[in-house]
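Working notes, beginning with the structure itself.
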2 protein chains.
Amino acid sequence: MEKNIPYKTYLEENEMPKQWYNVRADMKNKPAPLLNPGTHKPMTAEELSAVFCDELVAQELDNDNAYIDIPQEILDFYKMYRPSPLVRAYCLEKMLDTPAKIYYKFEGNNTSGSHKLNSAIAQAYYAKKQGLKGVTTETGAGQWGTALSMACAYLGLDCKVFMVKVSYEQKPFRREVMRTYGASVTPSPSETTEVGKKILREHPGTTGSLGCAISEAVEVATHTDGYRYVLGSVLNQVLLHQSIIGLESKAAFDKLGVKPDIIIGCAGGGSNLGGLISPFMGQKLRGEADYRFIAVEPASCPSLTRGKYAYDFCDTGMVCPLAKMYTLGSGFIPSANHAGGLRYHGMSSILSQLYDDKLMEAVSVEQTKVFEAAQQFARIEGILPAPESSHAIRVAIDEAMKCKETGEEKTILFGLTGTGYFDMVAYQKFNDGEMSDYIPTDEDLAKGFAGLPKID
Amino acid sequence: MEKNIPYKTYLEENEMPKQWYNVRADMKNKPAPLLNPGTHKPMTAEELSAVFCDELVAQELDNDNAYIDIPQEILDFYKMYRPSPLVRAYCLEKMLDTPAKIYYKFEGNNTSGSHKLNSAIAQAYYAKKQGLKGVTTETGAGQWGTALSMACAYLGLDCKVFMVKVSYEQKPFRREVMRTYGASVTPSPSETTEVGKKILREHPGTTGSLGCAISEAVEVATHTDGYRYVLGSVLNQVLLHQSIIGLESKAAFDKLGVKPDIIIGCAGGGSNLGGLISPFMGQKLRGEADYRFIAVEPASCPSLTRGKYAYDFCDTGMVCPLAKMYTLGSGFIPSANHAGGLRYHGMSSILSQLYDDKLMEAVSVEQTKVFEAAQQFARIEGILPAPESSHAIRVAIDEAMKCKETGEEKTILFGLTGTGYFDMVAYQKFNDGEMSDYIPTDEDLAKGFAGLPKID
C-alpha cells in the first residue's frame, strides 16, 4: 500500500461539486446540432420542447456556459448515494504484478446499480419543476429504467417505462425493481402505441430493440398531456449531468495529489465515458494538461471503431430528431449472442466530435475477453462488475500489462459504472463455457450503413 | 438537514477499528457452553477442532478477552469494502414527519450483499493460516455462501457450499455468483453425503432446510483431509467478527457527538444484531451508558418471543454440538409462505443469555408489514433493502411514529444488513398483492418443542 493513498477516497459532503461541467463550452469544434427529421434544419428550442422539458432543452442547446449550477434538491438527492468512492485497486495491481497504479471510480453503490441515477434525478427534477405529471422512457438492460423509477418515486412523478421485450422476459427481476418503485413497465414493441402496432405488423414476433422502445416512449410523451420523454444516454444534457462522475474523480485525485495518465471508460451511447472524462478533457482542450482517453466498445457493436460519422436516426420508428454521430445505422442490430450491453447503434454527438478531432482513442473488445476480466476483477477486488463496466476493466488490465512490459509506472483511471447482479444469465453462460464471440462482417455493416438518411 | 450531521458518515481508513470486541468478557452471566451431543459434557477445544479451525475454536471458547486484534490481512480486506456508511435518514424522517432522528448502518455495499462478509473473510483467513485446503458451509438465502465464496476466492481456498435445495432452484443467480467466485455449489439434501442420503430416504422429495445443509457440510468437513466447517451466524466467533459493525457505528457516532437511544436489528441467528449492539451493550453491562436494544424477528419464526430457552440441536442430522438458546426446536420449519429470511429455529447463545437477563427486548413482525416498510424505505431512501433487513426498518418506523405521538426527539439506530436484489420473487409477490402472513399456532410450536433433547 502506497503511503497516504487509501484504498478508497470519499469526498466530504462539503467538497462535492455544486455545478455540472459542460465540455461543449471548451470545444473548438462544437458537436453538430440535432436536425428536424422532416426539414433537415436544426431543431429549435420550441420544436424540442414538445419532447423534452424546457430546462433540459436549454441544457441540450447550450454550447457556451462551462458551468451550470446543480439545483439544491438534486444536490440533496446526490447526498443519499454520492460521493461515489475513488478506489485504488491495490489487490488487482498486486495480482497483475504491474508497476501501473490503477484507480477506478465506482458508480454501482446505489439500487439502480449504475451511474444512470445521476441524470435520472436531474431529468425528473426538471419535469417536476415544470409541473408535469410524469415522464416516459425506454430501457434495455434495465439500469436506466430502474434509475428513472427511483427518481420519480422520490419526487412523486408518474413513470412509464417501455422495456425491450426480450429483456422484459429475460430479466423479470429488473422489472420488479421498477414496479417496486411504482413505475409501469410495458414490453416493447406493444399494442399500446401506433408505432408499436406498426412495428408488430411489419415484424411479427420481434423481441424488440432499444430503437423501437424509444419510438414508443416518444409517441406516448408527445400524445399525453403533462408528459415528456427522457433518455438515459447519447444526449448532450445527459453528458452534462454525468460530469459529476469526472468532477468528483478529479477533486479526489487533486486531494491525493495524483494525476492520471490514461482514462478509460466503456461506451454504448456515451453517458458514462462522457461524464467521466469531461473535466479532464476540458483541461486538455484548454491546453492545461494532457491525458490519453480510451473509449471501449464491444466488437459486436463497434460504432466508433468501424462506424461512419454521419447524421442518422436515433430510433427505429424515425420519429426522433436526427443526430450526427459515429453510427452503424439505425437498422443495425447486434448479434443476440452478445450479452454485454452497450448495444446502441450510435454514439453521443459530443464524443463523436472529440473522437473525430482525435482527442480520444477507441478500441473494441470481444465479450469472452471481457468476461475473463470481469471474473478476475470480481475475485480479487470483491465487486461483481456489470458486463458493460467490464469492457473498461479489460482495457485497464491490458494497459497495466503493457506497463509491466515497459516498466512504466503509469496511473490508470477507469470507470466502473455498475454491478452485475442482474446479469447472472450472461455470467452463467461464461461459467458454463458456452459464451462465444461475434464480430460483424463488412457485409453486415454495409446493410446498416445503407439505411443512413441522405443529408445535404 | 441538521447542522454538522451529513447524510453519510464514513470513518477515515486510520479511524477504522483494529480490534474486535468480545462482549462475553463483560457479561456477568456468560453464554452457556456448547455440549457434546453424545456425552452432554461441554465441548473441549480438542473436540471442536475436528470441526473448526484451531484459532476459531480459541475465539469460540474465549469468554475473557474483551478485545482481540484483527490480523493485518483481514484489515486490508476490510478496506476494500469498509468502512460502511452510517447514514442519517433525513428523507425518511421528513416523510414520517417525526421528531425522531433516524440513523442506519448500511452493510449492503459489497457483492455478497450483506454484512456476512465481515465474518467470512475472518474464518477463511484462519483456515488459510492453518494450511487448510478448503472449507465447507451451508447457505439458505445465499448471502453467507456468496460472502464465503468471495473470501475464499481472494485467499485461494477451495469452497464447498451446500445450498438448501429450494433456494438452489429458486435463486439460480445467487448460485451463479458463487460459481463466478469459484465455489462448488451442491443442492441439499444431496446423495453426496451419508446424512444427505438418510434424509432423502426418510423424506423423499424434500426441498431441504438449513438444518439439513449444515449436517451435510459438517460431514464433508470432518471426513475430508484439509477441510473444516464454517458457519455464518449463531456462533460466538461470528458475533465477535461482526462486532466491527457496532464498533464502526459507535466511532462514527462519537465523531458526530451523537448518542443513540434505541438500537434495532433484525435477528435470525443473531450475527448482525449481535455485532451491531455489542460495543453499546458493553457500555450498558459496565454501567457506563444505557440503551434500549430491540431484536426483530419474523412472526412466522419467533424464537425469542415464543421459543424456549433450552439446549437444542443446531442441525437436523444432529451431528453438531448442542447449544443453549432460545429455540423453536430443530424440527420446526417455518411456513414456506414466509419469504423474508431469518428462518433459523434457534438464536445465538450470547443473545439468548442477554435476552434472558432482560438486557434486550424482542418483537416479532408479520411479513406484509415488513414489505410495506421495505417499499416505503426503498422509495424515499433509494436503497432496495433485503427482506431480512426490512424487519428492522419496520420497527424503526414504528418507534419513530411513537415519537411523533409523544413529541420525543429520540435517536434511533438500526442495522440495514443488506440489499434485496436477489429477493425479487418475494417483492413480486408483494407487488402483485399475493403475499399473506402466517403465525404458527401454539400447537405448531408444541410439535417443535417436543423434539428438544433432554439435558440434565
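All residue names refer to the C-alpha cells as shown: chains lettered A, B, ... in order, residues numbered from 1 in each chain, ligands numbered from 1 in order.
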- Item | Residues within 10 Å of Gly131 in chain B, only C-alpha atoms, excluding chain neighbours under 4 positions, as a list in words | Cys53, Tyr125, Tyr126, Ala127, Leu157, Gly226 and Tyr227 of chain B
- Item | Spatial neighbours of range 330-332 of chain A, 12 Å, only C-alpha atoms, chain gap at least 3 places, as a VMD selection string | chain A and resid 209 to 212 214 300 to 303 307 to 308 310 to 318 320 322 to 323 325 to 327 335 to 336 343 to 347 440 443 to 453
For the residues selected in the previous step, produce a file with C-alpha atoms as a short mmCIF file (atom, residue, chain, number, x, y, z; two decimals), in the first residue's frame.
data_model
loop_
_atom_site.label_atom_id
_atom_site.label_comp_id
_atom_site.auth_asym_id
_atom_site.auth_seq_id
_atom_site.Cartn_x
_atom_site.Cartn_y
_atom_site.Cartn_z
CA SER A 209 -34.86 -3.21 -29.68
CA LEU A 210 -33.87 0.00 -27.96
CA GLY A 211 -34.73 1.88 -31.15
CA CYS A 212 -38.34 0.56 -31.11
CA ILE A 214 -37.58 4.87 -27.89
CA SER A 300 -20.10 -6.82 -31.85
CA CYS A 301 -21.37 -3.21 -31.87
CA PRO A 302 -18.35 -1.09 -32.90
CA SER A 303 -19.82 2.33 -33.62
CA GLY A 307 -18.95 3.15 -37.83
CA LYS A 308 -19.49 6.15 -40.09
CA ALA A 310 -22.89 10.87 -40.28
CA TYR A 311 -26.39 12.10 -39.46
CA ASP A 312 -28.62 9.21 -38.50
CA PHE A 313 -31.94 8.35 -36.94
CA CYS A 314 -31.85 7.88 -33.16
CA ASP A 315 -34.77 5.44 -33.17
CA THR A 316 -36.31 2.69 -35.30
CA GLY A 317 -39.63 4.49 -35.82
CA MET A 318 -37.72 7.56 -37.11
CA CYS A 320 -36.86 11.48 -33.17
CA LEU A 322 -31.53 13.26 -36.45
CA ALA A 323 -28.15 13.30 -34.70
CA MET A 325 -22.68 10.70 -34.68
CA TYR A 326 -20.48 7.70 -35.26
CA THR A 327 -23.12 5.16 -36.17
CA SER A 335 -25.99 -10.31 -32.53
CA ALA A 336 -28.33 -11.77 -29.91
CA ARG A 343 -25.93 -2.32 -27.86
CA TYR A 344 -26.88 1.12 -29.19
CA HIS A 345 -26.13 1.77 -32.87
CA GLY A 346 -24.83 5.32 -32.38
CA MET A 347 -22.61 7.38 -30.10
CA PRO A 440 -19.92 -8.38 -37.70
CA GLU A 443 -21.23 -7.00 -45.34
CA ASP A 444 -23.22 -6.92 -42.08
CA LEU A 445 -22.12 -3.34 -41.53
CA ALA A 446 -22.87 -2.34 -45.12
CA LYS A 447 -26.53 -3.27 -44.57
CA GLY A 448 -26.72 -0.89 -41.60
CA PHE A 449 -24.99 1.92 -43.49
CA ALA A 450 -27.42 1.52 -46.40
CA GLY A 451 -30.20 2.81 -44.14
CA LEU A 452 -28.46 6.11 -43.32
CA PRO A 453 -30.55 9.15 -44.29
#
- Residues of range 134-368 of chain B in strand (DSSP E), written as an MDAnalysis selection string: chainID B and resid 134:139 158:164 184:188 227:229 262:266 292:298 308:313 322:327 361:365
- Query: What are the DSSP helix (DSSP H, G or I) residues of range 161-290 of chain A, as JSON, numbers by chain?
  - Reply: {"A": [165, 166, 167, 168, 169, 170, 172, 173, 174, 175, 176, 177, 178, 179, 180, 194, 195, 196, 197, 198, 199, 200, 201, 202, 210, 211, 212, 213, 214, 215, 216, 217, 218, 219, 220, 221, 222, 223, 236, 237, 238, 239, 240, 241, 242, 243, 244, 245, 246, 247, 248, 249, 250, 251, 252, 253, 254, 255, 256, 271, 272, 273, 274, 275, 276, 277, 278, 279, 280, 281, 282, 283, 284, 285]}
